[in-house]
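S.K.: Please find one structure pasted underneath; my questions will follow.
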Amino acid sequence: MYARLFASVLLCLAASAAAAAAPAAEVSIGGSEVELEYAPAEFGESAVLILPWVRRSGEIVRAYYGRFPVRHLRLALQAGPGEGVHGGKTFANPDAYIRVGVGRAVTGAQLLADWVLVHEMTHLALPDTGEEHAWLSEGLATYVEGIARVQAGNRSELDLWSEELSSMPRGLPQAGDAGLDHTHTWGRTYWGGAMFCLLADVEIHRRTHNARGLQDALRAILVASGGLSADWPIARVLATGDAAVGVPVLQELYARYRDAAPAPDLAQLWKDLGVESADGTVHLNEAAPLADIRRAIMQAHPAP
């Protein structure tokens, strides 16, 4: 009797564990599935906002890359106090998994304006190049998140350039900087990496007369590698991107910035792109020399 009772308890515990681990919902993104692990009851009235937020974020990333980076993703939402989205972490081995903290009282406006989930999903599209090159992973996600949302109509172009105008200088080298591969401060990792991506995007568009951009390079890298689950040396990542656009911009910029810290002239770059600020207000000058490149970067780019 005790053996049967013990076995019954074990079965109950196993069933409870399975129920707890079971997905609360699934969201389809193109041909991919996002399996959500969360407790809807923890979010009260905000629970109905969760699935549209996940679907919208996934579609933004899918549109930018031409496909969602992985066929199956487990997304764990950890309920926390207050409002807003509290940050996340992305993993790929053995399977694609993202963990994001979300306030129990999160609002629809906060989820509509959220960048965190798009940022984390973007990580899935780049091979793992190692901690030494975290600036590429984090900088690219920082850069792509904003542009992908503009292309999808989830954010205004003016809002994006306003943020870059104020935040990208944080990525400029400071005293003692030894280059992107050797200086791992927050500013250099996130905004220094994003600055590298901006410089690459503008230069690819310039050399190809707007026929190609960084987006084409990143799509090719995803197709060739399969994304974050692959361990690739950075040289292979950059060479693959350059081959896709037909100009060696990524490799040239890496050679310039990996072990040294020349400071690009951001003020001149903004002026050339037509991103201008007066009295704290940012506006776009459509007559600027590189305004056509700025517009091309922000245009939605259909999948081939």
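FYI, nothing fancy with the structure tokens labels: chains A, B, ... in order, residues from 1 per chain, ligands from 1 as they appear.
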List the spatial neighbours of segment 28-31 of chain A as a count of residues only - criterion: any atom at most 9 Å away, only C-alpha atoms, same-chain residues fewer than 5 positions off excluded.
M.R.: 7
S.K.: Which residues come within 12 Å of Val118 of chain A, counting only C-alpha atoms, excluding same-chain residues fewer than 3 positions away, as a PyMOL selection string?
M.R.: chain A and resi 53-64+68-69+85+87-90+98+100+111-115+121-125+140-149+152+154
S.K.: Can you tell me, as a list in words, what residues are no more than 10 Å from Thr185 of chain A when counting only C-alpha atoms, ignoring any on the same chain fewer than 6 positions away?
M.R.: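 So the residues in contact are Trp135, Gly171, Pro173, Asp177, Trp191 and Gly192 of chain A.
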S.K.: Export, as a PDB file, in the first residue's frame, the selected residues with N, CA and C atoms.
M.R.:
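Final file, out_1.pdb:
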```pdb
ATOM      1  N   TRP A 135      31.170  43.553 -28.206  1.00  0.00           N
ATOM      2  CA  TRP A 135      30.798  44.843 -28.798  1.00  0.00           C
ATOM      3  C   TRP A 135      30.035  44.652 -30.104  1.00  0.00           C
ATOM      4  N   GLY A 171      29.714  55.957 -27.033  1.00  0.00           N
ATOM      5  CA  GLY A 171      30.556  54.915 -27.602  1.00  0.00           C
ATOM      6  C   GLY A 171      31.888  55.398 -28.112  1.00  0.00           C
ATOM      7  N   PRO A 173      35.749  56.585 -28.047  1.00  0.00           N
ATOM      8  CA  PRO A 173      36.857  56.154 -27.174  1.00  0.00           C
ATOM      9  C   PRO A 173      37.234  57.233 -26.166  1.00  0.00           C
ATOM     10  N   ASP A 177      41.777  54.036 -24.133  1.00  0.00           N
ATOM     11  CA  ASP A 177      41.062  53.046 -24.946  1.00  0.00           C
ATOM     12  C   ASP A 177      42.040  52.305 -25.850  1.00  0.00           C
ATOM     13  N   TRP A 191      27.307  51.196 -27.333  1.00  0.00           N
ATOM     14  CA  TRP A 191      27.236  52.306 -28.283  1.00  0.00           C
ATOM     15  C   TRP A 191      28.458  52.379 -29.190  1.00  0.00           C
ATOM     16  N   GLY A 192      29.607  51.888 -28.722  1.00  0.00           N
ATOM     17  CA  GLY A 192      30.749  51.780 -29.625  1.00  0.00           C
ATOM     18  C   GLY A 192      30.473  50.759 -30.717  1.00  0.00           C
TER      19      GLY A 192
END
```
S.K.: May I have all residues of segment 16-248 of chain A that DSSP, computed from the backbone, assigns to alpha helix (DSSP H), given as a PyMOL selection string?
M.R.: chain A and resi 16-21+50-65+108-112+116-123+134-151+157-167+186+193-207+214-225+234-245
S.K.: Between atom CA of Ile297 of chain A and atom CA of Thr208 of chain A, what is the distance in Å, rounded to a tenth?
M.R.: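 Straight-line distance from atom CA of Ile297 of chain A to atom CA of Thr208 of chain A works out to 12.7 Å.
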S.K.: Which is closest to Ile50 of chain A among A:Asn93, A:Gln299, A:Gln110, A:Asn285, if we use only C-alpha atoms?
M.R.: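 Ranking A:Asn93, A:Gln299, A:Gln110, A:Asn285 by distance to Ile50 of chain A, first place goes to A:Gln110.
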S.K.: Determine the nearest neighbour of Val116 of chain A from the options A:Asp95, A:Glu138, A:Asp231, A:Asp128, counting only C-alpha atoms.
M.R.: A:Glu138
S.K.: Find the residues around segment 240-252 of chain A up to 9 Å (only C-alpha atoms counted), leave out those fewer than 5 positions away in its own chain, and share them as a ChimeraX atom specification.
M.R.: /A:196-197,200-201,203-204,207-208,211-214,216-221,224,235,257
S.K.: Those residues you just picked out, can you put them in a file as an mmCIF file, in the first residue's frame with N, CA and C atoms?
M.R.:
```
data_model
loop_
_atom_site.group_PDB
_atom_site.id
_atom_site.type_symbol
_atom_site.label_atom_id
_atom_site.label_comp_id
_atom_site.auth_asym_id
_atom_site.auth_seq_id
_atom_site.Cartn_x
_atom_site.Cartn_y
_atom_site.Cartn_z
ATOM 1 N N PHE A 196 30.034 51.411 -34.809
ATOM 2 C CA PHE A 196 30.658 50.602 -35.856
ATOM 3 C C PHE A 196 29.620 50.207 -36.901
ATOM 4 N N CYS A 197 28.450 49.779 -36.447
ATOM 5 C CA CYS A 197 27.389 49.354 -37.372
ATOM 6 C C CYS A 197 26.879 50.518 -38.214
ATOM 7 N N ALA A 200 29.447 51.304 -40.832
ATOM 8 C CA ALA A 200 29.423 50.267 -41.857
ATOM 9 C C ALA A 200 28.219 50.428 -42.770
ATOM 10 N N ASP A 201 27.069 50.688 -42.191
ATOM 11 C CA ASP A 201 25.839 50.818 -42.970
ATOM 12 C C ASP A 201 25.949 51.973 -43.968
ATOM 13 N N GLU A 203 28.674 53.406 -45.121
ATOM 14 C CA GLU A 203 29.719 53.192 -46.124
ATOM 15 C C GLU A 203 29.311 52.147 -47.160
ATOM 16 N N ILE A 204 28.619 51.101 -46.732
ATOM 17 C CA ILE A 204 28.138 50.099 -47.702
ATOM 18 C C ILE A 204 27.157 50.750 -48.674
ATOM 19 N N ARG A 207 29.185 53.074 -51.103
ATOM 20 C CA ARG A 207 29.987 52.402 -52.134
ATOM 21 C C ARG A 207 29.137 51.640 -53.153
ATOM 22 N N THR A 208 27.956 51.213 -52.744
ATOM 23 C CA THR A 208 27.097 50.451 -53.656
ATOM 24 C C THR A 208 25.993 51.323 -54.255
ATOM 25 N N ALA A 211 22.497 50.336 -53.411
ATOM 26 C CA ALA A 211 22.009 49.029 -53.845
ATOM 27 C C ALA A 211 22.069 48.001 -52.714
ATOM 28 N N ARG A 212 22.983 48.197 -51.755
ATOM 29 C CA ARG A 212 23.146 47.280 -50.631
ATOM 30 C C ARG A 212 23.381 48.065 -49.352
ATOM 31 N N GLY A 213 23.133 47.402 -48.222
ATOM 32 C CA GLY A 213 23.378 48.009 -46.924
ATOM 33 C C GLY A 213 23.751 46.945 -45.914
ATOM 34 N N LEU A 214 23.965 47.353 -44.683
ATOM 35 C CA LEU A 214 24.311 46.404 -43.626
ATOM 36 C C LEU A 214 23.237 45.335 -43.478
ATOM 37 N N ASP A 216 21.598 43.770 -45.718
ATOM 38 C CA ASP A 216 21.867 42.667 -46.647
ATOM 39 C C ASP A 216 22.987 41.776 -46.110
ATOM 40 N N ALA A 217 24.016 42.392 -45.539
ATOM 41 C CA ALA A 217 25.115 41.624 -44.968
ATOM 42 C C ALA A 217 24.633 40.753 -43.810
ATOM 43 N N LEU A 218 23.794 41.307 -42.951
ATOM 44 C CA LEU A 218 23.328 40.564 -41.785
ATOM 45 C C LEU A 218 22.388 39.429 -42.176
ATOM 46 N N ARG A 219 21.577 39.649 -43.192
ATOM 47 C CA ARG A 219 20.724 38.567 -43.678
ATOM 48 C C ARG A 219 21.564 37.400 -44.199
ATOM 49 N N ALA A 220 22.621 37.726 -44.926
ATOM 50 C CA ALA A 220 23.487 36.680 -45.478
ATOM 51 C C ALA A 220 24.207 35.925 -44.371
ATOM 52 N N ILE A 221 24.636 36.629 -43.328
ATOM 53 C CA ILE A 221 25.308 35.982 -42.196
ATOM 54 C C ILE A 221 24.362 35.009 -41.503
ATOM 55 N N ALA A 224 23.863 31.862 -43.764
ATOM 56 C CA ALA A 224 25.053 31.010 -43.837
ATOM 57 C C ALA A 224 25.354 30.301 -42.521
ATOM 58 N N ALA A 235 36.268 36.909 -37.957
ATOM 59 C CA ALA A 235 36.746 37.100 -39.322
ATOM 60 C C ALA A 235 35.799 36.454 -40.327
ATOM 61 N N TYR A 257 39.468 49.554 -36.223
ATOM 62 C CA TYR A 257 39.000 49.812 -34.854
ATOM 63 C C TYR A 257 39.263 48.692 -33.858
#
```
S.K.: For Gly179 of chain A, please output as a CSV table (one decimal) with C-alpha atoms, in the first residue's frame all residues within 7 Å (counting only C-alpha atoms; exclusion window: fewer than 6 positions along the same chain).
M.R.:
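Contents of result_39.csv, freshly written:
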```
chain,number,residue,atom,x,y,z
A,257,TYR,CA,39.0,49.8,-34.9
A,258,ARG,CA,39.9,46.4,-33.3
A,259,ASP,CA,43.2,47.4,-31.8
A,260,ALA,CA,43.2,51.1,-32.0
A,261,ALA,CA,40.8,53.9,-31.0
```
S.K.: Mind checking which residues fall within 8 Å of Ala288 of chain A, counting only C-alpha atoms, ignoring those fewer than 3 positions away in the same chain, and posting them as a list in words?
M.R.: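 Here the qualifying residues turn out to be Lys271, Asp272, Leu273, Gly274, Asn285 and Ala291 of chain A.
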